[in-house]
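K.L.:
Please see the structure below; I have some questions.
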Amino acid sequence: MSQRPQRVTLRTLGMLPPPRRLRELAIANAAMDAILMPEWELRYFSFDRRWSNGEELASLRNGSGDHHFCLFTNGGVFIKGFDRESPFNRVPPRESWPRELPQAFLHAIDEPAFDIPHTTFCLWHAERGIWRGVIPSDPHGAEVRDVPLGYLDLLLDDPVAYATWATDYHERPIAVDTVAAFQRLDPLDEKLVRTLNPEAVFAALRDELDEIGYR
């Protein structure tokens, strides 16, 4: 298996896909995690296509405190992340959030579920825009441009990243070609599900995968 891709930083935000493709990848990650890990509390990825008023929410939690939330709205996507080992973890006062944050995402920094007091970075991509981001506790420090941003490499449009991570985490070989099929959102059937996890029962997962939005 080839080497994992370069870590995403503020300097390399262009590596991330645009919102619509990021949404597809987030759905694929949540679906694969559901198939590989029946126990909800041991999963990293989730996706709620009915989060709130037409908004959708993808999240990652590693069980040790690290997390990110991806809020998909009609205006694009907002990402808030926390890395417990980062030196830039100070409670960001509201005035330290970037003034250029689009109106469509302002409500996100008041959302209790996103655990805003524990923030390392936030990113956003408005429709017809580009990726922008900041580390609120040190928005002007040049050194933060190269700080790795959590697990965002698992949201890149590259099946190697998820396959490499999943092989290590689940302690079973995960084929890159299988991950690529999920990231294309190939139609779900028993064969595809069992290719990822021979022990999975497609019928038992159908409702959950529909809730995730993978159909």
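Chain labels follow the order of the structure tokens: the first chain is A, the next B, and so on; residue numbering restarts at 1 in every chain, and ligands are counted from 1 in their shown order.
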Which residues are near range 105-109 of chain A? Cut-off 9 Å, only C-alpha atoms, ignore same chain within fewer than 5 positions. Put them as a list in words.
P.N.:
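Skipping anything fewer than 5 positions along the chain leaves Leu71, Thr73, Gly75, Gly76, Val77, Phe78, Lys80, Arg94, Trp97, Phe114, Asp115, Ile116 and Trp124 of chain A.
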K.L.:
Neighbours of range 192-203 of chain A within 7 Å (only C-alpha atoms; same-chain residues fewer than 6 positions away dropped), as a list in words?
P.N.:
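Residues near the query, excluding close chain neighbours: Ile35, Leu36, Ile174 and Thr178 of chain A.
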K.L.:
Select from range 6-205 of chain A everything DSSP, run on the backbone, classes as alpha helix (DSSP H), then give the selection as a PyMOL selection string.
P.N.:
chain A and resi 19-36+159-170+176-183+190-196+202-205
K.L.:
Which residue gives the smallest distance to Pro187 in chain A among A:Ala28, A:Leu123, A:Val160, A:Val8, with only C-alpha atoms counted?
P.N.:
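Among the listed residues, A:Ala28 lies closest to Pro187 in chain A.
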K.L.:
Take CA of Thr9 in chain A and CA of Arg145 in chain A and report the distance between them in Å, one decimal.
P.N.:
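Result for CA of Thr9 in chain A versus CA of Arg145 in chain A: 6.3 Å, one decimal.
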K.L.:
Would you mind telling me which residue in A:Leu42, A:Val179, A:Val134, A:Met37 lies nearest to Glu100 in chain A when using only C-alpha atoms?
P.N.:
A:Val134
K.L.:
Work out how far apart CA of Arg61 in chain A and CA of Glu190 in chain A are and give it in Å to one decimal.
P.N.:
27.8 Å
K.L.:
Between A:Leu209, A:Cys70, A:Ala113, A:Leu154, which is the closest to His125 in chain A once you count only C-alpha atoms?
P.N.:
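Once distances to His125 in chain A are computed over only C-alpha atoms, the minimum belongs to A:Cys70.
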K.L.:
So that I can check the surroundings of Glu208 in chain A, please list as a list in words every protein, DNA and RNA residue that reaches within 12 Å of it, counting only C-alpha atoms and ignoring chain neighbours fewer than 2 positions away.
P.N.:
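Contacts, in chain order: Ile27, Ala30, Ala31, Met32, Asp33, Ala34, Ile35, Pro38, Trp40, Ser46, Phe47, Asp48, Arg49, Val201, Phe202, Ala203, Ala204, Leu205, Arg206, Asp210, Glu211, Ile212, Gly213, Tyr214 and Arg215 of chain A.
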